[in-house]
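Colleague: Provided below: entry.cif, containing mmCIF, C-alpha atoms.
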data_input
#
loop_
_atom_site.label_atom_id
_atom_site.label_comp_id
_atom_site.auth_asym_id
_atom_site.auth_seq_id
_atom_site.Cartn_x
_atom_site.Cartn_y
_atom_site.Cartn_z
CA GLN A 30 0.00 0.00 0.00
CA ALA A 31 2.84 2.40 0.87
CA MET A 32 4.39 2.04 -2.56
CA ALA A 33 1.01 2.59 -4.17
CA ASP A 34 0.64 5.81 -2.17
CA LEU A 35 4.10 6.81 -3.29
CA ASN A 36 3.29 6.27 -6.93
CA SER A 37 0.23 8.50 -6.51
CA PHE A 38 2.42 11.46 -5.50
CA ASP A 39 5.59 11.50 -7.53
CA ASP A 40 7.23 14.29 -9.53
CA ASP A 41 4.95 13.64 -12.50
CA SER A 42 1.82 14.02 -10.40
CA GLU A 43 3.07 17.31 -8.94
CA GLU A 44 3.78 18.57 -12.47
CA ARG A 45 0.22 17.68 -13.42
CA MET A 46 -0.99 19.55 -10.35
CA ASP A 47 1.17 22.53 -11.37
CA GLN A 48 -0.62 22.62 -14.71
CA LYS A 49 -4.01 22.46 -13.02
CA VAL A 50 -3.14 25.20 -10.53
CA ALA A 51 -1.60 27.40 -13.25
CA SER A 52 -4.88 27.31 -15.17
CA THR A 53 -6.78 28.74 -12.19
CA LYS A 54 -8.18 32.25 -12.64
CA ILE A 55 -7.80 34.17 -9.40
CA PRO A 56 -10.25 37.08 -8.84
CA TRP A 57 -7.60 39.62 -7.87
CA ALA A 58 -10.10 42.52 -7.93
CA ALA A 59 -12.27 40.67 -5.41
CA LEU A 60 -9.25 40.23 -3.12
CA HIS A 61 -8.70 43.99 -3.33
CA SER A 62 -12.36 44.69 -2.61
CA ALA A 63 -12.08 42.46 0.47
CA THR A 64 -9.01 44.51 1.51
CA ILE A 65 -6.79 41.41 1.40
CA ILE A 66 -4.42 43.09 -1.05
CA THR A 67 -3.76 46.80 -1.66
CA ALA A 68 -4.42 48.84 -4.80
CA GLU A 69 -0.68 48.80 -5.55
CA HIS A 70 -0.65 45.03 -5.20
CA LEU A 71 -3.66 44.74 -7.52
CA GLN A 72 -1.94 46.81 -10.17
CA LEU A 73 1.27 44.74 -9.97
CA ILE A 74 -0.37 41.31 -9.99
CA THR A 75 -2.85 42.03 -12.80
CA ALA A 76 0.00 43.27 -14.99
CA TYR A 77 2.14 40.23 -14.11
CA ASP A 78 -0.32 37.33 -13.97
CA LYS A 79 -0.74 35.03 -17.00
CA GLN A 80 1.93 36.89 -18.98
CA PRO A 81 4.70 35.24 -21.02
CA ALA A 82 8.00 34.71 -19.21
CA ASN A 83 9.77 37.52 -21.09
CA VAL A 84 7.06 40.04 -20.16
CA GLN A 85 7.18 38.97 -16.51
CA ALA A 86 10.98 39.25 -16.52
CA ALA A 87 10.79 42.81 -17.87
CA LEU A 88 8.25 43.81 -15.21
CA VAL A 89 10.40 42.35 -12.43
CA LYS A 90 13.53 44.00 -13.79
CA GLU A 91 11.79 47.36 -13.55
CA LYS A 92 10.42 46.79 -10.04
CA PRO A 93 12.23 43.81 -8.42
CA VAL A 94 11.69 44.77 -4.78
CA GLU A 95 8.02 45.61 -5.32
CA HIS A 96 7.33 42.20 -6.84
CA ALA A 97 9.19 40.42 -4.03
CA GLU A 98 7.12 42.34 -1.48
CA LEU A 99 3.92 41.50 -3.39
CA PHE A 100 4.54 37.75 -3.23
CA MET A 101 5.59 37.75 0.42
CA PHE A 102 2.57 39.86 1.38
CA MET A 103 0.21 37.44 -0.36
CA VAL A 104 1.85 34.35 1.18
CA THR A 105 1.46 35.99 4.59
CA HIS A 106 -2.14 37.21 4.24
CA ILE A 107 -3.92 34.75 1.92
CA SER A 108 -5.39 31.60 3.46
CA LYS A 109 -7.89 30.36 0.86
CA GLU A 110 -6.50 27.07 -0.40
CA ASP A 111 -6.75 27.46 -4.18
CA THR A 112 -5.47 31.06 -4.07
CA LEU A 113 -2.55 30.13 -1.81
CA GLN A 114 -1.66 27.23 -4.14
CA TYR A 115 -1.58 29.67 -7.05
CA VAL A 116 0.50 32.29 -5.21
CA LEU A 117 3.05 29.72 -4.09
CA LEU A 118 3.39 28.41 -7.65
CA LEU A 119 3.89 31.99 -8.88
CA LEU A 120 6.53 32.62 -6.24
CA GLN A 121 8.37 29.38 -6.98
CA ASP A 122 8.49 30.25 -10.68
CA PHE A 123 9.55 33.81 -9.80
CA LEU A 124 12.57 32.53 -7.83
CA ASN A 125 13.47 29.69 -10.20
CA ALA A 126 13.62 32.14 -13.12
CA ASP A 127 16.45 34.03 -11.38
CA GLU A 128 17.76 32.91 -7.99
CA SER A 129 19.32 36.34 -7.37
CA ARG A 130 15.74 37.47 -6.66
CA CYS A 131 16.02 35.59 -3.35
CA GLU A 132 18.00 38.52 -1.96
CA HIS A 133 15.04 40.83 -2.64
CA ILE A 134 12.86 38.52 -0.52
CA PHE A 135 15.22 39.01 2.42
CA ALA A 136 15.36 42.76 1.81
CA VAL A 137 11.59 43.33 1.89
CA MET A 138 11.19 41.49 5.22
CA GLU A 139 13.10 44.30 6.99
CA GLY A 140 14.84 42.23 9.64
CA GLN A 141 12.04 39.69 10.04
CA SER A 142 12.60 36.09 9.06
CA PRO A 143 11.48 35.59 5.47
CA PHE A 144 10.79 31.98 6.42
CA ALA A 145 8.15 32.73 9.07
CA PRO A 146 5.20 32.87 6.62
CA PHE A 147 6.21 29.48 5.21
CA TYR A 148 6.62 27.94 8.67
CA ARG A 149 3.03 29.01 9.37
CA VAL A 150 2.00 27.21 6.19
CA PHE A 151 3.77 24.06 7.46
CA SER A 152 1.91 24.16 10.76
CA ARG A 153 -1.56 24.88 9.33
CA VAL A 154 -3.80 21.83 9.75
CA GLU A 155 -5.64 22.67 6.55
CA SER A 156 -2.50 22.89 4.36
CA ASP A 157 -2.67 20.20 1.69
CA ARG A 158 0.32 18.23 0.45
CA TYR A 159 0.75 20.42 -2.61
CA ILE A 160 0.89 23.62 -0.54
CA ILE A 161 3.44 22.11 1.86
CA SER A 162 5.54 20.86 -1.06
CA LYS A 163 5.60 24.28 -2.75
CA ALA A 164 6.31 26.16 0.49
CA SER A 165 9.16 23.84 1.45
CA LYS A 166 10.77 24.03 -1.99
CA ILE A 167 10.66 27.84 -1.85
CA VAL A 168 12.30 27.74 1.59
CA SER A 169 15.06 25.41 0.40
CA THR A 170 15.73 27.68 -2.60
CA LEU A 171 15.97 30.71 -0.30
CA LEU A 172 18.29 28.85 2.08
CA VAL A 173 20.72 27.89 -0.67
CA ALA A 174 20.59 30.88 -3.02
CA ALA A 175 20.95 33.48 -0.26
CA ALA A 176 22.92 31.38 2.23
CA LYS A 177 24.92 34.33 3.58
CA LEU A 178 21.69 36.01 4.72
CA VAL A 179 20.29 32.97 6.54
CA SER A 180 20.32 32.87 10.35
CA PRO A 181 21.56 29.71 12.11
CA ASP A 182 18.12 29.28 13.69
CA ASP A 183 16.37 29.20 10.31
CA GLU A 184 18.99 26.82 8.95
CA GLN A 185 18.55 24.42 11.86
CA TYR A 186 14.74 24.62 11.74
CA MET A 187 14.63 23.59 8.11
CA VAL A 188 17.22 20.84 8.49
CA ARG A 189 15.25 19.32 11.39
CA TRP A 190 11.99 19.65 9.43
CA VAL A 191 13.44 17.92 6.37
CA MET A 192 15.01 15.13 8.44
CA ASP A 193 11.68 14.51 10.19
CA LYS A 194 10.10 14.08 6.75
CA LEU A 195 12.92 11.74 5.69
CA ARG A 196 12.22 9.51 8.72
CA ALA A 197 8.45 9.59 8.17
CA ALA A 198 6.36 6.48 7.53
CA ASP A 199 4.47 8.21 4.71
CA PRO A 200 6.46 7.62 1.50
CA ALA A 201 5.19 10.89 0.02
CA ASP A 202 6.84 12.75 2.92
CA VAL A 203 10.06 10.86 2.20
CA SER A 204 9.77 11.81 -1.47
CA LEU A 205 9.41 15.49 -0.55
CA ALA A 206 12.40 15.31 1.80
CA LEU A 207 14.57 13.84 -0.95
CA THR A 208 13.58 16.64 -3.31
CA LEU A 209 14.53 19.25 -0.72
CA LEU A 210 17.82 17.54 0.13
CA GLN A 211 18.78 17.59 -3.55
CA THR A 212 18.74 21.39 -3.22
CA LEU A 213 20.05 21.84 0.33
CA LEU A 214 23.00 19.44 0.09
CA ARG A 215 24.57 21.58 -2.62
CA LYS A 216 25.91 23.70 0.29
CA PRO A 217 28.64 22.33 2.63
CA ALA A 218 26.94 23.81 5.71
CA PHE A 219 23.84 21.68 5.15
CA ARG A 220 25.90 18.57 4.47
CA THR A 221 27.58 19.07 7.84
CA ALA A 222 24.26 19.77 9.57
CA VAL A 223 22.57 16.57 8.39
CA LYS A 224 25.56 14.33 9.12
CA GLY A 225 24.88 14.60 12.86
CA MET A 226 21.25 13.60 12.26
CA GLU A 227 22.08 10.15 10.87
CA CYS A 228 21.28 11.23 7.32
CA VAL A 229 23.72 8.77 5.72
CA PRO A 230 22.40 5.64 7.50
CA ILE A 231 18.81 6.69 6.77
CA LEU A 232 19.56 7.21 3.07
CA ALA A 233 21.43 3.89 2.96
CA GLY A 234 18.30 2.17 4.27
CA LEU A 235 16.19 3.94 1.65
CA VAL A 236 18.41 2.56 -1.13
CA LYS A 237 17.14 -0.87 -0.14
CA THR A 238 13.56 0.31 0.37
CA PHE A 239 13.29 1.91 -3.06
CA THR A 240 15.24 -0.66 -5.12
CA ALA A 241 12.20 -1.30 -7.30
CA HIS A 242 11.23 2.38 -7.66
CA PHE A 243 13.99 3.76 -9.86
CA GLN A 244 12.94 7.44 -9.76
CA LEU A 245 13.17 7.57 -5.99
CA LEU A 246 16.20 5.29 -5.96
CA TYR A 247 18.00 7.77 -8.22
CA ARG A 248 17.17 10.65 -5.87
CA VAL A 249 18.36 8.74 -2.79
CA VAL A 250 21.71 7.91 -4.41
CA TYR A 251 21.92 11.48 -5.75
CA CYS A 252 21.66 12.78 -2.16
CA LEU A 253 24.43 10.41 -1.07
CA TRP A 254 26.50 11.64 -4.03
CA LEU A 255 26.07 15.26 -2.91
CA LEU A 256 27.07 14.30 0.64
CA SER A 257 30.21 12.60 -0.70
CA TYR A 258 31.62 16.00 -1.70
CA SER A 259 32.41 16.59 1.98
CA ALA A 260 35.56 14.55 2.63
CA ASP A 261 34.72 13.72 6.25
CA ILE A 262 31.27 12.45 5.28
CA ALA A 263 32.75 10.46 2.39
CA ALA A 264 35.09 8.70 4.83
CA TYR A 265 32.23 8.20 7.31
CA MET A 266 30.15 6.39 4.66
CA GLY A 267 32.54 3.44 4.90
CA THR A 268 31.42 2.88 8.50
CA THR A 269 27.75 2.59 7.49
CA THR A 270 25.85 0.28 5.15
CA ALA A 271 25.87 2.94 2.40
CA ILE A 272 28.58 1.34 0.21
CA PRO A 273 27.19 -2.24 0.28
CA MET A 274 23.70 -0.87 -0.42
CA VAL A 275 24.87 1.24 -3.37
CA VAL A 276 26.93 -1.64 -4.80
CA HIS A 277 23.82 -3.83 -4.57
CA CYS A 278 21.76 -1.09 -6.20
CA VAL A 279 24.21 -0.82 -9.14
CA ARG A 280 24.17 -4.62 -9.45
CA VAL A 281 20.40 -5.06 -9.68
CA THR A 282 19.10 -1.91 -11.37
CA ALA A 283 18.36 -1.89 -15.08
CA LYS A 284 18.37 1.90 -15.35
CA GLU A 285 21.54 3.51 -16.73
CA LYS A 286 20.67 6.75 -14.94
CA VAL A 287 20.84 4.99 -11.56
CA VAL A 288 24.01 3.08 -12.48
CA ARG A 289 25.66 6.35 -13.56
CA ILE A 290 24.95 8.22 -10.30
CA GLY A 291 25.89 5.12 -8.26
CA LEU A 292 29.27 4.88 -9.99
CA ALA A 293 29.80 8.64 -9.61
CA LEU A 294 29.18 8.28 -5.86
CA LEU A 295 31.58 5.34 -5.53
CA GLY A 296 34.15 7.31 -7.53
CA ASN A 297 33.94 10.15 -5.01
CA LEU A 298 34.43 7.66 -2.17
CA LEU A 299 37.67 6.19 -3.56
CA GLY A 300 40.63 6.64 -1.25
CA LYS A 301 38.58 8.08 1.62
CA GLY A 302 38.84 6.29 4.96
CA ASN A 303 38.29 2.56 4.63
CA ASN A 304 36.03 2.89 1.59
CA ASN A 305 38.18 0.98 -0.90
CA ARG A 306 38.29 -2.10 1.31
CA VAL A 307 34.55 -1.88 1.97
CA MET A 308 33.87 -1.69 -1.77
CA ILE A 309 35.99 -4.78 -2.38
CA GLN A 310 34.39 -6.67 0.50
CA SER A 311 30.98 -5.77 -0.94
CA GLY A 312 31.83 -7.68 -4.12
CA PHE A 313 32.39 -4.59 -6.24
CA VAL A 314 35.47 -5.96 -8.04
CA LYS A 315 33.53 -8.80 -9.66
CA LEU A 316 30.68 -6.44 -10.41
CA LEU A 317 33.12 -4.08 -12.16
CA GLU A 318 34.19 -6.92 -14.46
CA ASN A 319 30.59 -7.74 -15.30
CA LEU A 320 29.63 -4.10 -15.90
CA LYS A 321 32.59 -3.56 -18.25
CA MET A 322 31.29 -6.37 -20.48
CA LYS A 323 27.93 -4.64 -21.01
CA LYS A 324 27.15 -2.14 -23.74
CA TRP A 325 26.22 1.27 -22.34
CA GLY A 326 24.45 4.12 -24.07
CA ASP A 327 26.18 6.58 -21.73
CA GLU A 328 29.92 6.67 -22.54
CA ASP A 329 30.69 8.20 -19.15
CA ILE A 330 29.76 4.91 -17.48
CA LEU A 331 32.67 3.08 -19.13
CA ALA A 332 35.04 5.89 -18.12
CA ASP A 333 33.80 5.66 -14.53
CA LEU A 334 34.26 1.90 -14.51
CA GLU A 335 37.87 2.20 -15.70
CA SER A 336 38.57 4.94 -13.14
CA LEU A 337 37.14 2.82 -10.33
CA GLU A 338 39.09 -0.25 -11.43
CA GLU A 339 42.31 1.77 -11.47
CA GLY A 340 41.53 3.30 -8.09
CA LEU A 341 40.98 -0.10 -6.50
CA SER A 342 43.87 -1.90 -8.23
CA GLN A 343 46.40 -1.48 -5.42
CA ASN A 344 43.89 -2.58 -2.79
CA ILE A 345 43.05 -5.65 -4.88
CA GLN A 346 46.75 -6.58 -5.04
CA ASP A 347 47.02 -6.17 -1.28
CA LEU A 348 44.09 -8.51 -0.63
CA GLY A 349 44.88 -11.82 1.00
CA SER A 350 43.18 -15.01 -0.09
CA PHE A 351 40.77 -14.88 2.85
CA ASP A 352 39.62 -11.42 1.79
CA VAL A 353 38.85 -12.81 -1.66
CA TYR A 354 37.00 -15.72 -0.09
CA LYS A 355 35.01 -13.41 2.18
CA GLN A 356 33.92 -11.34 -0.83
CA GLU A 357 32.31 -14.44 -2.25
CA LEU A 358 30.57 -15.15 1.04
CA ILE A 359 29.23 -11.63 1.54
CA THR A 360 27.87 -11.41 -1.99
CA ASN A 361 26.32 -14.90 -1.78
CA ALA A 362 28.27 -15.74 -4.93
CA LEU A 363 30.28 -18.85 -4.04
CA GLU A 364 31.94 -20.42 -7.06
CA TRP A 365 34.70 -22.96 -7.63
CA SER A 366 37.50 -20.38 -7.38
CA PRO A 367 40.97 -21.76 -6.48
CA VAL A 368 40.78 -20.97 -2.73
CA HIS A 369 38.11 -23.59 -2.03
CA ARG A 370 40.23 -26.59 -3.10
CA SER A 371 43.51 -25.18 -1.76
CA GLU A 372 44.77 -27.05 1.32
CA LYS A 373 47.17 -24.16 1.88
CA PHE A 374 44.20 -21.77 2.11
CA TRP A 375 42.38 -23.88 4.70
CA ARG A 376 45.54 -24.59 6.70
CA GLU A 377 46.40 -20.88 6.93
CA ASN A 378 42.90 -19.42 7.31
CA HIS A 379 40.67 -21.85 9.22
CA LEU A 380 41.01 -19.80 12.42
CA ARG A 381 39.88 -16.62 10.66
CA PHE A 382 36.38 -18.04 10.36
CA GLU A 383 36.08 -17.19 14.07
CA ASP A 384 36.83 -13.46 13.55
CA ASN A 385 34.11 -10.92 14.38
CA ASN A 386 32.08 -13.37 16.41
CA MET A 387 32.38 -16.10 13.74
CA GLU A 388 30.96 -13.81 11.04
CA ALA A 389 32.33 -15.77 8.06
CA LEU A 390 31.24 -19.14 9.46
CA GLY A 391 27.77 -17.75 10.16
CA ILE A 392 27.38 -16.53 6.58
CA LEU A 393 28.60 -19.88 5.22
CA VAL A 394 26.07 -21.76 7.33
CA GLU A 395 23.25 -19.43 6.21
CA LEU A 396 24.09 -20.19 2.60
CA VAL A 397 23.79 -23.92 3.29
CA LYS A 398 20.44 -23.35 4.98
CA ASN A 399 18.85 -20.83 2.64
CA SER A 400 20.46 -20.71 -0.79
CA THR A 401 18.52 -22.06 -3.78
CA ASP A 402 21.50 -21.92 -6.18
CA PRO A 403 22.90 -25.44 -6.79
CA GLN A 404 26.46 -24.16 -7.28
CA VAL A 405 26.37 -22.10 -4.08
CA LEU A 406 24.98 -25.10 -2.17
CA SER A 407 27.67 -27.42 -3.58
CA VAL A 408 30.55 -25.08 -2.73
CA ALA A 409 29.10 -24.20 0.69
CA CYS A 410 28.78 -27.88 1.63
CA PHE A 411 32.33 -28.50 0.46
CA ASP A 412 33.60 -25.56 2.52
CA VAL A 413 31.80 -26.71 5.66
CA GLY A 414 33.52 -30.08 5.26
CA GLU A 415 36.95 -28.45 4.76
CA PHE A 416 36.45 -26.20 7.77
CA VAL A 417 35.66 -29.22 9.93
CA ARG A 418 38.64 -31.09 8.46
CA PHE A 419 41.20 -28.39 9.28
CA HIS A 420 39.85 -26.64 12.37
CA PRO A 421 40.70 -28.51 15.61
CA ARG A 422 37.27 -27.63 17.04
CA GLY A 423 35.47 -27.56 13.70
CA ARG A 424 32.80 -30.12 14.48
CA ALA A 425 31.94 -28.46 17.81
CA LEU A 426 31.70 -25.00 16.22
CA ILE A 427 29.54 -26.25 13.35
CA ALA A 428 27.28 -28.05 15.84
CA ARG A 429 26.40 -24.67 17.41
CA PHE A 430 24.76 -23.61 14.17
CA GLY A 431 22.59 -26.71 13.76
CA VAL A 432 23.55 -27.10 10.12
CA LYS A 433 24.17 -30.87 10.00
CA GLU A 434 20.49 -31.67 9.48
CA HIS A 435 20.29 -29.22 6.58
CA ILE A 436 23.30 -30.83 4.89
CA MET A 437 21.80 -34.28 5.35
CA ARG A 438 18.59 -33.13 3.64
CA LEU A 439 20.71 -31.83 0.75
CA MET A 440 21.90 -35.40 0.15
CA ALA A 441 18.48 -35.87 -1.47
CA HIS A 442 18.68 -32.68 -3.55
CA THR A 443 17.62 -32.88 -7.19
CA ASN A 444 21.05 -31.65 -8.35
CA PRO A 445 23.70 -34.44 -8.39
CA ASP A 446 26.59 -32.08 -7.51
CA VAL A 447 24.72 -30.85 -4.44
CA GLN A 448 24.06 -34.49 -3.46
CA LYS A 449 27.74 -35.36 -3.88
CA HIS A 450 29.13 -32.47 -1.82
CA ALA A 451 26.47 -32.80 0.87
CA LEU A 452 27.46 -36.49 1.24
CA LEU A 453 31.16 -35.60 1.47
CA ALA A 454 30.43 -32.91 4.07
CA VAL A 455 28.43 -35.35 6.22
CA GLN A 456 31.31 -37.87 6.01
CA LYS A 457 33.75 -35.21 7.16
CA LEU A 458 31.45 -34.25 10.00
CA MET A 459 31.46 -37.88 11.19
CA VAL A 460 34.99 -39.12 10.49
CA HIS A 461 37.83 -38.53 12.97
CA ASN A 462 40.84 -39.85 11.08
CA TRP A 463 41.02 -37.81 7.87
CA GLU A 464 43.82 -39.72 6.20
CA TYR A 465 41.46 -42.63 5.60
CA LEU A 466 38.86 -40.48 3.87
CA ASN A 467 39.24 -40.01 0.17
CA HIS A 468 37.73 -36.53 -0.11
#
Can the structure in the file be given as structure tokens, please?

Modeller:
Amino acid sequence: QAMADLNSFDDDSEERMDQKVASTKIPWAALHSATIITAEHLQLITAYDKQPANVQAALVKEKPVEHAELFMFMVTHISKEDTLQYVLLLLQDFLNADESRCEHIFAVMEGQSPFAPFYRVFSRVESDRYIISKASKIVSTLLVAAAKLVSPDDEQYMVRWVMDKLRAADPADVSLALTLLQTLLRKPAFRTAVKGMECVPILAGLVKTFTAHFQLLYRVVYCLWLLSYSADIAAYMGTTTAIPMVVHCVRVTAKEKVVRIGLALLGNLLGKGNNNRVMIQSGFVKLLENLKMKKWGDEDILADLESLEEGLSQNIQDLGSFDVYKQELITNALEWSPVHRSEKFWRENHLRFEDNNMEALGILVELVKNSTDPQVLSVACFDVGEFVRFHPRGRALIARFGVKEHIMRLMAHTNPDVQKHALLAVQKLMVHNWEYLNH
């Protein structure tokens, strides 16, 4: 249901709403008669409204401050829903046409916060989603385009408001937050402000949530890409799930646009903190090879792939055999690579399966229990047997995971290789004197 709600309020639907709102005919004379706007305001807005962009630009050039004051006055004093929708759309277009006009907004407020009228819109119970979206986008534009005029209090208010939306259960709120972050994170001050609010871990989680919704997925990764331009945040990403999530996203998405921004993000992360090692451990090296074999419409993708491969080359050379093995485990992509049948590998690395609270052994066991891939099951069974064969307490450690019964069931698997390696693993679990077992 949540994803259905999300699809009902995406960028396309807001554009359609823009067209509907723009077609509205506002009775400006009636607003003047009701003393909601002044005679001067009436003269300005009737000359400006519904005019081509070049005519509007000429009018604003002649009286920039007066037009800024007009819009802010109307946002402050108009409460009727359809009129407020129209005024906010006019103001958004006014600022988007020339962001230097933001400074006029600050000037006409005469020491008052230009954000206060929009904060009131946020807190109004009757404000619909469209009104809140328009008001928040105007605020984010003001914050970025006239950053030197923004007070710390206003900056913090908006950052907290956006982060609350990003954490919200309503996917349309999350969508709005992403749109705002795409504007705010252009400025280093906002990147720093959101770092302390767990923005990176939240966005990393959203990469997984929106894997099947490529428009939102693109915007999530785009926000992470903007954050990566702050070196400290780029290094910090390696301590979160951001890199594994983005690598997974690049692996499974069919959209070049998403692949391109994902690779651009990973390119920014190269050489920062522990990021290179995390990329490698997330299975990115094998993915790079696969991606280079594809044909891409965007030539920049191939350039990014080559740059990433070059950036990781030294780290790949420094990898030990266990690191290579662990890549296979983490990516659930066990294959008959040389390490599995190497006695030297098992002799030198069997104790490392106990590292990090037996992380590697736990993943191996989960593959035996849950994988549906015959090759993964065959290799995993073989590896369990080799672990037991070389580790002095192998059988006892394996027993903790309750995997023996699963391997025994695999002896009846439909795939003959799985049957064979499950049988060998069971033999190794039961035999004490290995030299008599032809394995």

Colleague: To verify the selection step, state as a PyMOL selection string which residues the PyMOL selection byres ((chain A and resi 190-195) around 10) yields on this input.

Modeller: chain A and resi 148+151+165+169+185-189+196-210+213+223+226-228+231-232+235

Colleague: Which residues would end up in the selection if the PyMOL selection byres ((chain A and resi 411) around 10) were applied here, given that I need the answer as a VMD selection string?

Modeller: chain A and resid 369 to 370 405 to 410 412 to 416 447 449 to 455 457 468

Colleague: Show me, as a tab-separated table, the residues of stretch 242-288 of chain A having an atom within 10 Å of stretch 313-325 of chain A, each with the closest atom pair and its distance in Å, using all atoms listed in the file.

Modeller:
residue	atom	partner	partner_atom	distance
A:Ile272	CA	A:Phe313	CA	9.6
A:Pro273	CA	A:Phe313	CA	8.7
A:Val275	CA	A:Phe313	CA	9.9
A:Val276	CA	A:Phe313	CA	6.4
A:His277	CA	A:Phe313	CA	8.8
A:Val279	CA	A:Leu316	CA	8.7
A:Arg280	CA	A:Leu316	CA	6.8
A:Glu285	CA	A:Trp325	CA	7.6
A:Val288	CA	A:Leu320	CA	9.7

Colleague: Give as a short mmCIF file (atom, residue, chain, number, x, y, z; two decimals) with C-alpha atoms, in the frame of the given file the residues that the PyMOL selection byres ((chain A and resi 334) around 8) matches when applied to the coordinates above.

Modeller:
data_model
loop_
_atom_site.label_atom_id
_atom_site.label_comp_id
_atom_site.auth_asym_id
_atom_site.auth_seq_id
_atom_site.Cartn_x
_atom_site.Cartn_y
_atom_site.Cartn_z
CA LEU A 292 29.27 4.88 -9.99
CA LEU A 317 33.12 -4.08 -12.16
CA LEU A 320 29.63 -4.10 -15.90
CA LYS A 321 32.59 -3.56 -18.25
CA ILE A 330 29.76 4.91 -17.48
CA LEU A 331 32.67 3.08 -19.13
CA ALA A 332 35.04 5.89 -18.12
CA ASP A 333 33.80 5.66 -14.53
CA GLU A 335 37.87 2.20 -15.70
CA SER A 336 38.57 4.94 -13.14
CA LEU A 337 37.14 2.82 -10.33
CA GLU A 338 39.09 -0.25 -11.43
#

Colleague: Work out how far apart atom CA of A:Pro230 and atom CA of A:Arg248 are and give it in Å to one decimal.

Modeller: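 About the pair atom CA of A:Pro230 and atom CA of A:Arg248: they are 15.2 Å apart.
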
Colleague: Pick out the closest residue to A:Arg45 from this set: A:Ala218, A:Tyr159, A:Arg422, A:Tyr247. Count all atoms listed in the file.

Modeller: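 Looking only at the distances to A:Arg45, the closest residue turns out to be A:Tyr159.
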
Colleague: In Å, with one decimal, what is the gap from atom CA of A:Ala58 to atom CA of A:Leu71?

Modeller: 6.8 Å

Colleague: So the first atom is atom CA of A:Val353 and the second is atom CA of A:Ala271; what is the distance between them in Å, to one decimal place?

Modeller: 20.8 Å

Colleague: Please determine, counting only C-alpha atoms, which residue among A:Ala233, A:Leu256, A:Met101, A:Val432 has the shortest atom-to-atom distance to A:Arg220.

Modeller: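 When distances to A:Arg220 are compared using only C-alpha atoms, the smallest one comes from A:Leu256.
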
Colleague: Find the residue from A:Ala126, A:Met138, A:Val460, A:Gly300 that sits nearest to A:Arg424; use all atoms listed in the file when measuring.

Modeller: A:Val460

Colleague: Which neighbours of A:Ile160 fall inside 12 Å, counting all atoms listed in the file, when residues of the same chain fewer than 6 positions from it are skipped, and could you give them as an MDAnalysis selection string?

Modeller: chainID A and resid 43 46:47 50 104 108:118 121 147:154 166:167 205

Colleague: Could you tell me which of A:His420, A:Trp254, A:Glu91, A:Leu396 comes closest to A:Ile436 if we count only C-alpha atoms?

Modeller: A:Leu396

Colleague: Between A:Leu119, A:Ala428, A:Leu88, A:Leu341, which residue has the minimum interatomic distance to A:Ser52, considering only C-alpha atoms?

Modeller: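 Among the listed residues, A:Leu119 lies closest to A:Ser52.
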
Colleague: Point out the residue among A:Asn444, A:Ile359, A:Asn297, A:Ala164 with the least atom-to-atom distance to A:Thr105, counting only C-alpha atoms.

Modeller: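 Selected residue with least distance to A:Thr105: A:Ala164.
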
Colleague: Within 12 Å of A:Phe382, counting all atoms listed in the file, which residues show up once you throw out same-chain ones fewer than 6 positions away? Write them as a PyMOL selection string, please.

Modeller: chain A and resi 351-352+354-355+358+374-376+388-394+412-413+415-417+419-420+422-423+426-427

Colleague: Find the spatial neighbours of A:Pro56, counting only C-alpha atoms, within a cut-off of 12 Å - ignore same-chain residues fewer than 2 positions away - and output them as JSON, numbers by chain.

Modeller: {"A": [53, 54, 58, 59, 60, 61, 62, 63, 65, 66, 71, 74, 75, 78, 111, 112, 115]}

Colleague: Would you kindly return, as a list in words, each protein, DNA or RNA residue with an atom no farther than 10 Å from any atom of A:Tyr77, considering all atoms listed in the file and excluding same-chain residues fewer than 2 positions away?

Modeller: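 Result of the neighbour search: Leu71, Gln72, Leu73, Ile74, Thr75, Lys79, Gln80, Pro81, Ala82, Val84, Gln85, Ala86, Ala87, Leu88, Val89, His96 and Leu119 of chain A.
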